[in-house]
file data_30.pdb (PDB, C-alpha atoms and all ligand atoms)
ATOM      1  CA  MET A  26     -46.718 -17.714 -56.212
ATOM      2  CA  ILE A  27     -46.351 -21.041 -54.421
ATOM      3  CA  ARG A  28     -44.246 -19.524 -51.621
ATOM      4  CA  GLU A  29     -47.194 -17.348 -50.508
ATOM      5  CA  LYS A  30     -49.425 -20.388 -50.209
ATOM      6  CA  PHE A  31     -47.321 -21.629 -47.297
ATOM      7  CA  ASP A  32     -47.838 -18.391 -45.380
ATOM      8  CA  LEU A  33     -49.727 -18.930 -42.104
ATOM      9  CA  SER A  34     -49.846 -15.317 -40.894
ATOM     10  CA  GLY A  35     -52.981 -14.647 -38.861
ATOM     11  CA  LYS A  36     -53.645 -18.332 -38.138
ATOM     12  CA  VAL A  37     -53.760 -19.849 -34.660
ATOM     13  CA  ALA A  38     -52.332 -23.376 -34.491
ATOM     14  CA  LEU A  39     -52.716 -25.719 -31.544
ATOM     15  CA  VAL A  40     -50.139 -28.507 -31.698
ATOM     16  CA  THR A  41     -50.673 -30.979 -28.888
ATOM     17  CA  GLY A  42     -47.506 -32.365 -27.311
ATOM     18  CA  SER A  43     -45.458 -29.540 -28.835
ATOM     19  CA  THR A  44     -42.867 -28.988 -26.121
ATOM     20  CA  ARG A  45     -40.615 -31.759 -27.440
ATOM     21  CA  GLY A  46     -40.163 -34.343 -30.204
ATOM     22  CA  ILE A  47     -42.186 -34.316 -33.428
ATOM     23  CA  GLY A  48     -44.788 -31.911 -32.034
ATOM     24  CA  LYS A  49     -42.108 -29.339 -31.212
ATOM     25  CA  ALA A  50     -40.641 -29.586 -34.712
ATOM     26  CA  ILE A  51     -44.104 -29.139 -36.257
ATOM     27  CA  GLY A  52     -44.854 -26.207 -33.954
ATOM     28  CA  ASP A  53     -41.525 -24.573 -34.839
ATOM     29  CA  ALA A  54     -42.227 -24.918 -38.570
ATOM     30  CA  LEU A  55     -45.750 -23.480 -38.355
ATOM     31  CA  GLU A  56     -44.373 -20.618 -36.264
ATOM     32  CA  GLU A  57     -41.602 -19.977 -38.795
ATOM     33  CA  TYR A  58     -44.305 -19.605 -41.455
ATOM     34  CA  GLY A  59     -46.248 -17.026 -39.448
ATOM     35  CA  ALA A  60     -48.767 -18.956 -37.314
ATOM     36  CA  LYS A  61     -49.363 -18.150 -33.661
ATOM     37  CA  VAL A  62     -48.567 -21.563 -32.172
ATOM     38  CA  LEU A  63     -50.098 -22.678 -28.885
ATOM     39  CA  ARG A  64     -47.527 -24.909 -27.162
ATOM     40  CA  HIS A  65     -49.072 -27.749 -25.282
ATOM     41  CA  ASN A  66     -48.050 -30.629 -23.022
ATOM     42  CA  THR A  67     -49.402 -32.582 -20.038
ATOM     43  CA  LYS A  68     -48.942 -29.587 -17.727
ATOM     44  CA  VAL A  69     -51.009 -27.302 -20.013
ATOM     45  CA  CYS A  70     -53.825 -29.853 -20.423
ATOM     46  CA  ASP A  71     -53.609 -33.576 -19.680
ATOM     47  CA  LEU A  72     -55.468 -35.263 -22.551
ATOM     48  CA  SER A  73     -56.133 -38.323 -20.383
ATOM     49  CA  ASP A  74     -58.579 -36.142 -18.417
ATOM     50  CA  PRO A  75     -61.736 -35.310 -20.428
ATOM     51  CA  ALA A  76     -62.686 -32.499 -18.004
ATOM     52  CA  ALA A  77     -59.285 -30.863 -18.509
ATOM     53  CA  ILE A  78     -59.888 -30.762 -22.281
ATOM     54  CA  GLU A  79     -63.242 -29.008 -21.781
ATOM     55  CA  ALA A  80     -61.683 -26.471 -19.414
ATOM     56  CA  TYR A  81     -58.702 -25.827 -21.710
ATOM     57  CA  PHE A  82     -60.909 -25.155 -24.723
ATOM     58  CA  ARG A  83     -63.266 -22.955 -22.690
ATOM     59  CA  GLY A  84     -60.194 -20.863 -21.836
ATOM     60  CA  LEU A  85     -59.086 -20.707 -25.484
ATOM     61  CA  GLU A  86     -62.553 -19.594 -26.541
ATOM     62  CA  ALA A  87     -62.682 -16.917 -23.848
ATOM     63  CA  ASP A  88     -59.300 -15.601 -25.059
ATOM     64  CA  GLY A  89     -60.397 -15.666 -28.726
ATOM     65  CA  MET A  90     -57.700 -18.281 -29.380
ATOM     66  CA  LEU A  91     -59.625 -21.282 -30.686
ATOM     67  CA  PRO A  92     -57.352 -22.867 -33.302
ATOM     68  CA  ASP A  93     -57.673 -22.509 -37.076
ATOM     69  CA  ILE A  94     -55.190 -25.370 -37.316
ATOM     70  CA  LEU A  95     -55.343 -28.313 -34.916
ATOM     71  CA  VAL A  96     -52.487 -30.815 -34.934
ATOM     72  CA  ALA A  97     -53.392 -33.770 -32.706
ATOM     73  CA  ASN A  98     -49.849 -34.976 -32.083
ATOM     74  CA  ALA A  99     -49.609 -36.045 -28.411
ATOM     75  CA  SER A 100     -49.949 -39.757 -27.739
ATOM     76  CA  ILE A 101     -49.013 -42.407 -25.233
ATOM     77  CA  GLN A 102     -47.884 -45.981 -25.815
ATOM     78  CA  ALA A 103     -47.129 -48.950 -23.589
ATOM     79  CA  LYS A 104     -45.097 -51.935 -24.754
ATOM     80  CA  ILE A 105     -46.997 -54.868 -23.229
ATOM     81  CA  PRO A 106     -48.145 -58.117 -24.917
ATOM     82  CA  TRP A 107     -51.869 -57.959 -25.745
ATOM     83  CA  THR A 108     -52.567 -61.031 -23.545
ATOM     84  CA  GLU A 109     -51.483 -59.094 -20.463
ATOM     85  CA  PHE A 110     -52.468 -55.574 -21.488
ATOM     86  CA  PRO A 111     -54.208 -53.982 -18.464
ATOM     87  CA  MET A 112     -57.671 -52.619 -19.253
ATOM     88  CA  ASP A 113     -57.047 -49.350 -17.428
ATOM     89  CA  GLU A 114     -53.956 -48.732 -19.576
ATOM     90  CA  ALA A 115     -55.955 -49.574 -22.727
ATOM     91  CA  GLN A 116     -58.657 -47.078 -21.661
ATOM     92  CA  LYS A 117     -56.007 -44.419 -21.139
ATOM     93  CA  GLU A 118     -54.456 -44.991 -24.583
ATOM     94  CA  LEU A 119     -57.907 -44.854 -26.147
ATOM     95  CA  GLN A 120     -58.628 -41.586 -24.341
ATOM     96  CA  VAL A 121     -55.345 -39.798 -25.160
ATOM     97  CA  ASN A 122     -54.774 -41.174 -28.679
ATOM     98  CA  PHE A 123     -58.340 -41.249 -30.003
ATOM     99  CA  LEU A 124     -61.141 -39.802 -27.841
ATOM    100  CA  ALA A 125     -59.218 -36.596 -27.105
ATOM    101  CA  THR A 126     -58.682 -36.118 -30.852
ATOM    102  CA  LEU A 127     -62.396 -36.549 -31.539
ATOM    103  CA  ARG A 128     -63.364 -34.118 -28.778
ATOM    104  CA  MET A 129     -60.838 -31.476 -29.874
ATOM    105  CA  PHE A 130     -62.101 -31.753 -33.476
ATOM    106  CA  GLN A 131     -65.622 -31.156 -32.190
ATOM    107  CA  LEU A 132     -64.539 -28.142 -30.163
ATOM    108  CA  CYS A 133     -62.732 -26.496 -33.115
ATOM    109  CA  TYR A 134     -65.330 -27.265 -35.753
ATOM    110  CA  ALA A 135     -67.839 -24.412 -35.263
ATOM    111  CA  LYS A 136     -65.149 -21.769 -35.712
ATOM    112  CA  MET A 137     -63.633 -23.469 -38.763
ATOM    113  CA  LYS A 138     -67.029 -23.962 -40.356
ATOM    114  CA  ALA A 139     -68.087 -20.336 -39.759
ATOM    115  CA  GLN A 140     -64.907 -18.973 -41.358
ATOM    116  CA  LYS A 141     -64.903 -21.605 -44.128
ATOM    117  CA  TRP A 142     -61.265 -22.469 -43.408
ATOM    118  CA  GLY A 143     -59.738 -25.039 -41.108
ATOM    119  CA  ARG A 144     -57.065 -27.698 -40.851
ATOM    120  CA  LEU A 145     -57.262 -30.864 -38.788
ATOM    121  CA  ILE A 146     -54.091 -32.926 -38.816
ATOM    122  CA  VAL A 147     -53.663 -36.046 -36.745
ATOM    123  CA  VAL A 148     -50.304 -37.655 -36.186
ATOM    124  CA  GLY A 149     -50.653 -41.375 -36.796
ATOM    125  CA  SER A 150     -48.012 -44.073 -36.896
ATOM    126  CA  VAL A 151     -46.459 -46.626 -39.199
ATOM    127  CA  ASN A 152     -47.984 -49.040 -36.649
ATOM    128  CA  GLU A 153     -51.269 -48.555 -38.544
ATOM    129  CA  ARG A 154     -49.640 -50.623 -41.319
ATOM    130  CA  ARG A 155     -47.167 -52.736 -39.318
ATOM    131  CA  PRO A 156     -48.321 -53.140 -35.696
ATOM    132  CA  HIS A 157     -45.500 -53.822 -33.270
ATOM    133  CA  PRO A 158     -46.411 -57.109 -31.516
ATOM    134  CA  ASP A 159     -46.266 -55.476 -28.072
ATOM    135  CA  MET A 160     -48.049 -52.268 -29.105
ATOM    136  CA  CYS A 161     -51.294 -53.679 -30.545
ATOM    137  CA  VAL A 162     -53.455 -51.306 -28.495
ATOM    138  CA  TYR A 163     -51.461 -48.235 -29.520
ATOM    139  CA  ALA A 164     -51.608 -49.368 -33.178
ATOM    140  CA  ALA A 165     -55.370 -49.884 -32.938
ATOM    141  CA  THR A 166     -55.933 -46.391 -31.494
ATOM    142  CA  LYS A 167     -53.914 -44.898 -34.360
ATOM    143  CA  SER A 168     -55.923 -46.891 -36.924
ATOM    144  CA  ALA A 169     -59.153 -45.685 -35.326
ATOM    145  CA  GLN A 170     -57.870 -42.136 -35.662
ATOM    146  CA  GLU A 171     -57.069 -42.698 -39.353
ATOM    147  CA  ASN A 172     -60.586 -43.986 -39.948
ATOM    148  CA  LEU A 173     -62.035 -40.971 -38.163
ATOM    149  CA  VAL A 174     -60.020 -38.700 -40.461
ATOM    150  CA  ARG A 175     -61.504 -40.291 -43.570
ATOM    151  CA  GLY A 176     -65.025 -40.214 -42.138
ATOM    152  CA  ILE A 177     -64.868 -36.546 -41.190
ATOM    153  CA  ALA A 178     -62.887 -35.378 -44.249
ATOM    154  CA  ARG A 179     -65.674 -36.250 -46.665
ATOM    155  CA  GLN A 180     -68.267 -34.385 -44.599
ATOM    156  CA  VAL A 181     -66.347 -31.148 -44.033
ATOM    157  CA  ALA A 182     -64.696 -30.897 -47.464
ATOM    158  CA  PRO A 183     -67.329 -28.438 -48.800
ATOM    159  CA  GLU A 184     -66.629 -26.145 -45.829
ATOM    160  CA  GLY A 185     -62.996 -25.351 -46.632
ATOM    161  CA  ILE A 186     -61.745 -27.708 -43.919
ATOM    162  CA  THR A 187     -59.188 -30.404 -44.683
ATOM    163  CA  VAL A 188     -58.554 -33.405 -42.446
ATOM    164  CA  ASN A 189     -55.447 -35.543 -42.818
ATOM    165  CA  ASN A 190     -53.290 -38.137 -41.113
ATOM    166  CA  LEU A 191     -49.522 -37.630 -40.992
ATOM    167  CA  CYS A 192     -47.876 -40.953 -40.259
ATOM    168  CA  PRO A 193     -44.329 -41.084 -38.886
ATOM    169  CA  GLY A 194     -42.124 -44.164 -39.121
ATOM    170  CA  VAL A 195     -39.220 -44.454 -36.675
ATOM    171  CA  PHE A 196     -38.199 -41.063 -35.268
ATOM    172  CA  CYS A 197     -35.451 -40.429 -32.765
ATOM    173  CA  THR A 198     -37.397 -38.805 -29.921
ATOM    174  CA  ASP A 199     -37.458 -39.219 -26.145
ATOM    175  CA  ARG A 200     -39.773 -42.232 -26.297
ATOM    176  CA  ASN A 201     -37.324 -44.380 -28.257
ATOM    177  CA  LYS A 202     -33.910 -42.682 -27.909
ATOM    178  CA  GLU A 203     -32.765 -45.355 -25.501
ATOM    179  CA  CYS A 204     -33.726 -48.392 -27.595
ATOM    180  CA  LEU A 205     -32.341 -46.819 -30.789
ATOM    181  CA  ALA A 206     -29.020 -46.318 -28.989
ATOM    182  CA  ASP A 207     -28.872 -50.040 -28.182
ATOM    183  CA  PRO A 208     -25.906 -51.508 -30.138
ATOM    184  CA  VAL A 209     -27.918 -54.556 -31.257
ATOM    185  CA  TYR A 210     -31.483 -53.205 -31.626
ATOM    186  CA  GLY A 211     -30.546 -49.833 -33.218
ATOM    187  CA  PRO A 212     -28.781 -51.220 -36.317
ATOM    188  CA  LYS A 213     -31.527 -53.867 -36.698
ATOM    189  CA  VAL A 214     -34.161 -51.115 -36.877
ATOM    190  CA  LYS A 215     -32.121 -49.141 -39.408
ATOM    191  CA  ALA A 216     -31.652 -52.218 -41.586
ATOM    192  CA  ALA A 217     -35.420 -52.784 -41.714
ATOM    193  CA  ILE A 218     -36.065 -49.275 -43.058
ATOM    194  CA  PRO A 219     -35.631 -48.959 -46.842
ATOM    195  CA  MET A 220     -33.753 -45.643 -46.336
ATOM    196  CA  HIS A 221     -31.549 -47.406 -43.745
ATOM    197  CA  ASP A 222     -31.886 -44.557 -41.271
ATOM    198  CA  TYR A 223     -34.381 -43.350 -38.729
ATOM    199  CA  ALA A 224     -35.818 -39.846 -38.858
ATOM    200  CA  MET A 225     -35.230 -36.744 -36.759
ATOM    201  CA  PRO A 226     -38.251 -34.729 -35.475
ATOM    202  CA  GLU A 227     -37.852 -31.990 -38.119
ATOM    203  CA  ASP A 228     -38.340 -34.601 -40.870
ATOM    204  CA  ALA A 229     -42.094 -34.451 -40.146
ATOM    205  CA  ALA A 230     -42.301 -30.657 -40.336
ATOM    206  CA  GLY A 231     -42.444 -30.209 -44.120
ATOM    207  CA  ALA A 232     -45.424 -32.526 -44.547
ATOM    208  CA  ALA A 233     -47.211 -30.837 -41.639
ATOM    209  CA  LEU A 234     -46.608 -27.394 -43.122
ATOM    210  CA  LEU A 235     -48.000 -28.543 -46.467
ATOM    211  CA  LEU A 236     -51.141 -29.967 -44.841
ATOM    212  CA  ALA A 237     -51.594 -26.893 -42.623
ATOM    213  CA  SER A 238     -51.309 -24.310 -45.387
ATOM    214  CA  ASP A 239     -53.100 -23.313 -48.570
ATOM    215  CA  ALA A 240     -50.373 -25.118 -50.517
ATOM    216  CA  GLY A 241     -52.132 -28.321 -49.402
ATOM    217  CA  ARG A 242     -55.701 -27.079 -49.805
ATOM    218  CA  TYR A 243     -56.664 -29.898 -52.186
ATOM    219  CA  ILE A 244     -55.351 -32.702 -49.961
ATOM    220  CA  THR A 245     -57.959 -34.196 -47.660
ATOM    221  CA  GLY A 246     -58.748 -37.591 -46.152
ATOM    222  CA  ALA A 247     -55.170 -38.600 -46.912
ATOM    223  CA  THR A 248     -52.633 -40.554 -44.955
ATOM    224  CA  ILE A 249     -49.143 -39.274 -45.662
ATOM    225  CA  MET A 250     -46.423 -41.676 -44.626
ATOM    226  CA  VAL A 251     -43.198 -40.058 -43.415
ATOM    227  CA  ASP A 252     -41.420 -43.324 -42.800
ATOM    228  CA  GLY A 253     -38.436 -43.746 -45.117
ATOM    229  CA  GLY A 254     -40.408 -46.461 -46.901
ATOM    230  CA  LEU A 255     -40.926 -48.646 -43.811
ATOM    231  CA  SER A 256     -44.596 -49.299 -44.587
ATOM    232  CA  LEU A 257     -43.859 -50.474 -48.126
ATOM    233  CA  PRO A 258     -44.494 -54.157 -48.785
ATOM    234  CA  GLY A 259     -41.634 -56.538 -49.495
TER     235      GLY A 259
HETATM  236  N1  LIG A 301     -41.185 -41.254 -32.232
HETATM  237  C1  LIG A 301     -41.558 -42.120 -33.128
HETATM  238  O1  LIG A 301     -40.771 -42.946 -33.607
HETATM  239  C2  LIG A 301     -42.983 -42.138 -33.607
HETATM  240  C3  LIG A 301     -43.321 -43.093 -34.578
HETATM  241  C4  LIG A 301     -44.622 -43.125 -35.045
HETATM  242  C5  LIG A 301     -45.540 -42.228 -34.572
HETATM  243  N2  LIG A 301     -45.196 -41.314 -33.628
HETATM  244  C6  LIG A 301     -46.217 -40.402 -33.156
HETATM  245  O2  LIG A 301     -45.753 -39.069 -33.251
HETATM  246  C7  LIG A 301     -46.315 -38.287 -32.185
HETATM  247  C8  LIG A 301     -45.202 -37.586 -31.425
HETATM  248  O3  LIG A 301     -44.318 -38.572 -30.944
HETATM  249  P1  LIG A 301     -42.935 -38.176 -30.226
HETATM  250  O4  LIG A 301     -42.093 -39.383 -30.275
HETATM  251  O5  LIG A 301     -42.459 -36.881 -30.767
HETATM  252  O6  LIG A 301     -43.463 -37.961 -28.727
HETATM  253  P2  LIG A 301     -42.650 -37.648 -27.395
HETATM  254  O7  LIG A 301     -41.261 -37.200 -27.692
HETATM  255  O8  LIG A 301     -42.887 -38.809 -26.506
HETATM  256  O9  LIG A 301     -43.462 -36.358 -26.850
HETATM  257  C9  LIG A 301     -44.772 -36.515 -26.508
HETATM  258  C10 LIG A 301     -45.432 -35.173 -26.310
HETATM  259  O10 LIG A 301     -46.807 -35.435 -26.032
HETATM  260  C11 LIG A 301     -47.142 -34.905 -24.762
HETATM  261  N3  LIG A 301     -48.086 -35.781 -24.074
HETATM  262  C12 LIG A 301     -47.935 -37.081 -23.780
HETATM  263  N4  LIG A 301     -48.996 -37.523 -23.087
HETATM  264  C13 LIG A 301     -49.838 -36.473 -22.939
HETATM  265  C14 LIG A 301     -51.072 -36.286 -22.305
HETATM  266  N5  LIG A 301     -51.679 -37.273 -21.635
HETATM  267  N6  LIG A 301     -51.637 -35.053 -22.329
HETATM  268  C15 LIG A 301     -51.025 -34.032 -22.968
HETATM  269  N7  LIG A 301     -49.846 -34.152 -23.600
HETATM  270  C16 LIG A 301     -49.250 -35.355 -23.571
HETATM  271  C17 LIG A 301     -45.822 -34.815 -24.001
HETATM  272  O11 LIG A 301     -45.951 -33.851 -22.959
HETATM  273  P3  LIG A 301     -44.980 -33.949 -21.646
HETATM  274  O12 LIG A 301     -43.671 -33.354 -22.084
HETATM  275  O13 LIG A 301     -45.704 -33.137 -20.617
HETATM  276  O14 LIG A 301     -44.866 -35.397 -21.282
HETATM  277  C18 LIG A 301     -44.879 -34.397 -25.121
HETATM  278  O15 LIG A 301     -44.950 -33.004 -25.342
HETATM  279  C19 LIG A 301     -47.133 -39.269 -31.339
HETATM  280  O16 LIG A 301     -48.482 -39.218 -31.741
HETATM  281  C20 LIG A 301     -46.551 -40.615 -31.700
HETATM  282  O17 LIG A 301     -47.500 -41.658 -31.532
HETATM  283  C21 LIG A 301     -43.929 -41.252 -33.134
END
call {"tool": "encode", "arguments": {"input": "data_30.pdb", "output": "structure tokens"}}
result
Amino acid sequence: MIREKFDLSGKVALVTGSTRGIGKAIGDALEEYGAKVLRHNTKVCDLSDPAAIEAYFRGLEADGMLPDILVANASIQAKIPWTEFPMDEAQKELQVNFLATLRMFQLCYAKMKAQKWGRLIVVGSVNERRPHPDMCVYAATKSAQENLVRGIARQVAPEGITVNNLCPGVFCTDRNKECLADPVYGPKVKAAIPMHDYAMPEDAAGAALLLASDAGRYITGATIMVDGGLSLPG
């Protein structure tokens, strides 16, 4: 029965940045399908602080709550031309969007390997395919993450662990609500998307549920675009 393959009862899922936006919608979906979802945001553990990540995972381990499913969703982005991009801001984006993902993978791996079941899902961006001119650093961190997914996926595939990259296009969330509401910019963005509409956070939830569950057990090393066709050529 395919329906049963989506069941996540007994699984612990950590979704970073899951108090709002896409992360919240993914967390809600995994919860609806039976997972115990750990809600996370900057107050729970600031991913720009490597020591905070170590402490947070030590706490999870002590509580027997290391995740079976890790969704690395939280990210930061600054819109600044690359010629002026401050190095400290670039370091911070690298830390939150890439290094934190790598470290969290490492910290979940032993448990997943021992139980021969695990799911690592990173949330990428259509910027991997079409970098916004003022978000080159953000786009590069997302591309690095995608490459990491492919590198790790091949190695952990025999261990029942899948690793995938879920790539949103333009979603109406707090980070871009204001610019999408702009009477000139908003319609221009919609016109550029083949589906002529931007997405709502819950539009990413179905793909995440598939990747997190046994229904998606044969999908690994993949990048799944959830972008209304925005990354398509032409
Ligand atoms: N929205 C889009 O159009 C779009 C397009 C492509 C890709 N994406 C990707 O989709 C993911 C979710 O985007 P979104 O638009 O839903 O995000 P969002 O609405 O801006 O929410 C971001 C979430 O991440 C958390 N977060 C941010 N910085 C953090 C840090 N340093 N440490 C811990 N948590 C942190 C926030 O926590 P606080 O509430 O504490 O700030 C919040 O829960 C991101 O990876 C983004 O790059 C989004």
call {"tool": "atom_distance", "arguments": {"input": "data_30.pdb", "atom1": "atom CA of A:Thr44", "atom2": "atom O15 of ligand LIG 301 (chain A)"}}
result
4.6 Å
call {"tool": "residues_near_ligand", "arguments": {"input": "data_30.pdb", "ligand": "ligand LIG 301 (chain A)", "cutoff": "8 Å", "atoms": "only C-alpha atoms and all ligand atoms", "output": "PDB file with C-alpha atoms, in the coordinates of the input"}}
result
ATOM      1  CA  THR A  41     -50.673 -30.979 -28.888  1.00  0.00           C
ATOM      2  CA  GLY A  42     -47.506 -32.365 -27.311  1.00  0.00           C
ATOM      3  CA  SER A  43     -45.458 -29.540 -28.835  1.00  0.00           C
ATOM      4  CA  THR A  44     -42.867 -28.988 -26.121  1.00  0.00           C
ATOM      5  CA  ARG A  45     -40.615 -31.759 -27.440  1.00  0.00           C
ATOM      6  CA  GLY A  46     -40.163 -34.343 -30.204  1.00  0.00           C
ATOM      7  CA  ILE A  47     -42.186 -34.316 -33.428  1.00  0.00           C
ATOM      8  CA  GLY A  48     -44.788 -31.911 -32.034  1.00  0.00           C
ATOM      9  CA  LYS A  49     -42.108 -29.339 -31.212  1.00  0.00           C
ATOM     10  CA  HIS A  65     -49.072 -27.749 -25.282  1.00  0.00           C
ATOM     11  CA  ASN A  66     -48.050 -30.629 -23.022  1.00  0.00           C
ATOM     12  CA  THR A  67     -49.402 -32.582 -20.038  1.00  0.00           C
ATOM     13  CA  LYS A  68     -48.942 -29.587 -17.727  1.00  0.00           C
ATOM     14  CA  VAL A  69     -51.009 -27.302 -20.013  1.00  0.00           C
ATOM     15  CA  CYS A  70     -53.825 -29.853 -20.423  1.00  0.00           C
ATOM     16  CA  ASP A  71     -53.609 -33.576 -19.680  1.00  0.00           C
ATOM     17  CA  LEU A  72     -55.468 -35.263 -22.551  1.00  0.00           C
ATOM     18  CA  SER A  73     -56.133 -38.323 -20.383  1.00  0.00           C
ATOM     19  CA  ASP A  74     -58.579 -36.142 -18.417  1.00  0.00           C
ATOM     20  CA  ALA A  97     -53.392 -33.770 -32.706  1.00  0.00           C
ATOM     21  CA  ASN A  98     -49.849 -34.976 -32.083  1.00  0.00           C
ATOM     22  CA  ALA A  99     -49.609 -36.045 -28.411  1.00  0.00           C
ATOM     23  CA  SER A 100     -49.949 -39.757 -27.739  1.00  0.00           C
ATOM     24  CA  ILE A 101     -49.013 -42.407 -25.233  1.00  0.00           C
ATOM     25  CA  GLN A 102     -47.884 -45.981 -25.815  1.00  0.00           C
ATOM     26  CA  VAL A 121     -55.345 -39.798 -25.160  1.00  0.00           C
ATOM     27  CA  ASN A 122     -54.774 -41.174 -28.679  1.00  0.00           C
ATOM     28  CA  VAL A 147     -53.663 -36.046 -36.745  1.00  0.00           C
ATOM     29  CA  VAL A 148     -50.304 -37.655 -36.186  1.00  0.00           C
ATOM     30  CA  GLY A 149     -50.653 -41.375 -36.796  1.00  0.00           C
ATOM     31  CA  SER A 150     -48.012 -44.073 -36.896  1.00  0.00           C
ATOM     32  CA  VAL A 151     -46.459 -46.626 -39.199  1.00  0.00           C
ATOM     33  CA  ASN A 152     -47.984 -49.040 -36.649  1.00  0.00           C
ATOM     34  CA  TYR A 163     -51.461 -48.235 -29.520  1.00  0.00           C
ATOM     35  CA  LYS A 167     -53.914 -44.898 -34.360  1.00  0.00           C
ATOM     36  CA  CYS A 192     -47.876 -40.953 -40.259  1.00  0.00           C
ATOM     37  CA  PRO A 193     -44.329 -41.084 -38.886  1.00  0.00           C
ATOM     38  CA  GLY A 194     -42.124 -44.164 -39.121  1.00  0.00           C
ATOM     39  CA  VAL A 195     -39.220 -44.454 -36.675  1.00  0.00           C
ATOM     40  CA  PHE A 196     -38.199 -41.063 -35.268  1.00  0.00           C
ATOM     41  CA  CYS A 197     -35.451 -40.429 -32.765  1.00  0.00           C
ATOM     42  CA  THR A 198     -37.397 -38.805 -29.921  1.00  0.00           C
ATOM     43  CA  ASP A 199     -37.458 -39.219 -26.145  1.00  0.00           C
ATOM     44  CA  ARG A 200     -39.773 -42.232 -26.297  1.00  0.00           C
ATOM     45  CA  ASN A 201     -37.324 -44.380 -28.257  1.00  0.00           C
ATOM     46  CA  ALA A 224     -35.818 -39.846 -38.858  1.00  0.00           C
ATOM     47  CA  PRO A 226     -38.251 -34.729 -35.475  1.00  0.00           C
TER      48      PRO A 226
END
call {"tool": "residues_around", "arguments": {"input": "data_30.pdb", "residues": "A:Val62", "least_positions_apart": "4", "cutoff": "7 Å", "atoms": "only C-alpha atoms", "output": "PyMOL selection string"}}
result
chain A and resi 37-39+52+56
call {"tool": "atom_distance", "arguments": {"input": "data_30.pdb", "atom1": "atom CA of A:Ile244", "atom2": "atom CA of A:Ile51"}}
result
18.1 Å
call {"tool": "closest_residue", "arguments": {"input": "data_30.pdb", "among": "A:Val214, A:Val181, A:Leu124, A:Val96", "to": "A:Lys138", "atoms": "only C-alpha atoms"}}
result
A:Val181
call {"tool": "closest_residue", "arguments": {"input": "data_30.pdb", "among": "A:Ala135, A:Ile105, A:Leu95, A:Ile27", "to": "A:Thr187", "atoms": "all atoms listed in the file"}}
result
A:Leu95
call {"tool": "resolve_selection", "arguments": {"input": "data_30.pdb", "expression": "the PyMOL selection byres (((chain A and resi 104) around 6) and not hetatm)", "output": "list in words"}}
result
Ala103, Ile105, Asp159 and Met160 of chain A
call {"tool": "residues_around", "arguments": {"input": "data_30.pdb", "residues": "A:Leu234", "least_positions_apart": "6", "cutoff": "8 Å", "atoms": "all atoms listed in the file", "output": "list in words"}}
result
Phe31, Ile51, Ala54 and Leu55 of chain A
call {"tool": "closest_residue", "arguments": {"input": "data_30.pdb", "among": "A:Gly143, A:Gly241, A:Gly254, A:Gly185", "to": "A:Met220", "atoms": "only C-alpha atoms"}}
result
A:Gly254
call {"tool": "atom_distance", "arguments": {"input": "data_30.pdb", "atom1": "atom CA of A:Phe130", "atom2": "atom CA of A:Pro111"}}
result
28.0 Å
call {"tool": "closest_residue", "arguments": {"input": "data_30.pdb", "among": "A:Val209, A:Ala237, A:Ala87, A:Tyr134", "to": "A:Gly59", "atoms": "all atoms listed in the file"}}
result
A:Ala237
call {"tool": "residues_around", "arguments": {"input": "data_30.pdb", "residues": "A:Leu205", "least_positions_apart": "5", "cutoff": "9 Å", "atoms": "only C-alpha atoms", "output": "PyMOL selection string"}}
result
chain A and resi 197+210-212+214-215+223
call {"tool": "write_last_selection", "arguments": {"input": "data_30.pdb", "atoms": "C-alpha atoms", "output": "PDB file, in the frame of the given file"}}
result
ATOM      1  CA  CYS A 197     -35.451 -40.429 -32.765  1.00  0.00           C
ATOM      2  CA  TYR A 210     -31.483 -53.205 -31.626  1.00  0.00           C
ATOM      3  CA  GLY A 211     -30.546 -49.833 -33.218  1.00  0.00           C
ATOM      4  CA  PRO A 212     -28.781 -51.220 -36.317  1.00  0.00           C
ATOM      5  CA  VAL A 214     -34.161 -51.115 -36.877  1.00  0.00           C
ATOM      6  CA  LYS A 215     -32.121 -49.141 -39.408  1.00  0.00           C
ATOM      7  CA  TYR A 223     -34.381 -43.350 -38.729  1.00  0.00           C
TER       8      TYR A 223
END
call {"tool": "closest_residue", "arguments": {"input": "data_30.pdb", "among": "A:Val162, A:Leu85, A:Ala240, A:Val174", "to": "A:Met112", "atoms": "only C-alpha atoms"}}
result
A:Val162
call {"tool": "residues_around", "arguments": {"input": "data_30.pdb", "residues": "A:Thr245", "least_positions_apart": "4", "cutoff": "8 Å", "atoms": "all atoms listed in the file", "output": "list in words"}}
result
Ala178, Ala182, Thr187, Val188 and Asn189 of chain A
call {"tool": "residues_around", "arguments": {"input": "data_30.pdb", "residues": "A:Pro219", "least_positions_apart": "5", "cutoff": "10 Å", "atoms": "all atoms listed in the file", "output": "PyMOL selection string"}}
result
chain A and resi 252-257
call {"tool": "build_atoms", "arguments": {"input": "data_30.pdb", "residues": "stretch 169-173 of chain A", "atoms": "N, CA and C atoms", "output": "mmCIF file, in the coordinates of the input"}}
result
data_model
loop_
_atom_site.group_PDB
_atom_site.id
_atom_site.type_symbol
_atom_site.label_atom_id
_atom_site.label_comp_id
_atom_site.auth_asym_id
_atom_site.auth_seq_id
_atom_site.Cartn_x
_atom_site.Cartn_y
_atom_site.Cartn_z
ATOM 1 N N ALA A 169 -57.829 -46.284 -35.562
ATOM 2 C CA ALA A 169 -59.153 -45.685 -35.326
ATOM 3 C C ALA A 169 -59.122 -44.204 -35.702
ATOM 4 N N GLN A 170 -58.030 -43.557 -35.353
ATOM 5 C CA GLN A 170 -57.870 -42.136 -35.662
ATOM 6 C C GLN A 170 -57.846 -41.921 -37.179
ATOM 7 N N GLU A 171 -57.146 -42.811 -37.882
ATOM 8 C CA GLU A 171 -57.069 -42.698 -39.353
ATOM 9 C C GLU A 171 -58.463 -42.842 -39.976
ATOM 10 N N ASN A 172 -59.232 -43.775 -39.434
ATOM 11 C CA ASN A 172 -60.586 -43.986 -39.948
ATOM 12 C C ASN A 172 -61.467 -42.767 -39.692
ATOM 13 N N LEU A 173 -61.288 -42.186 -38.517
ATOM 14 C CA LEU A 173 -62.035 -40.971 -38.163
ATOM 15 C C LEU A 173 -61.711 -39.841 -39.152
#
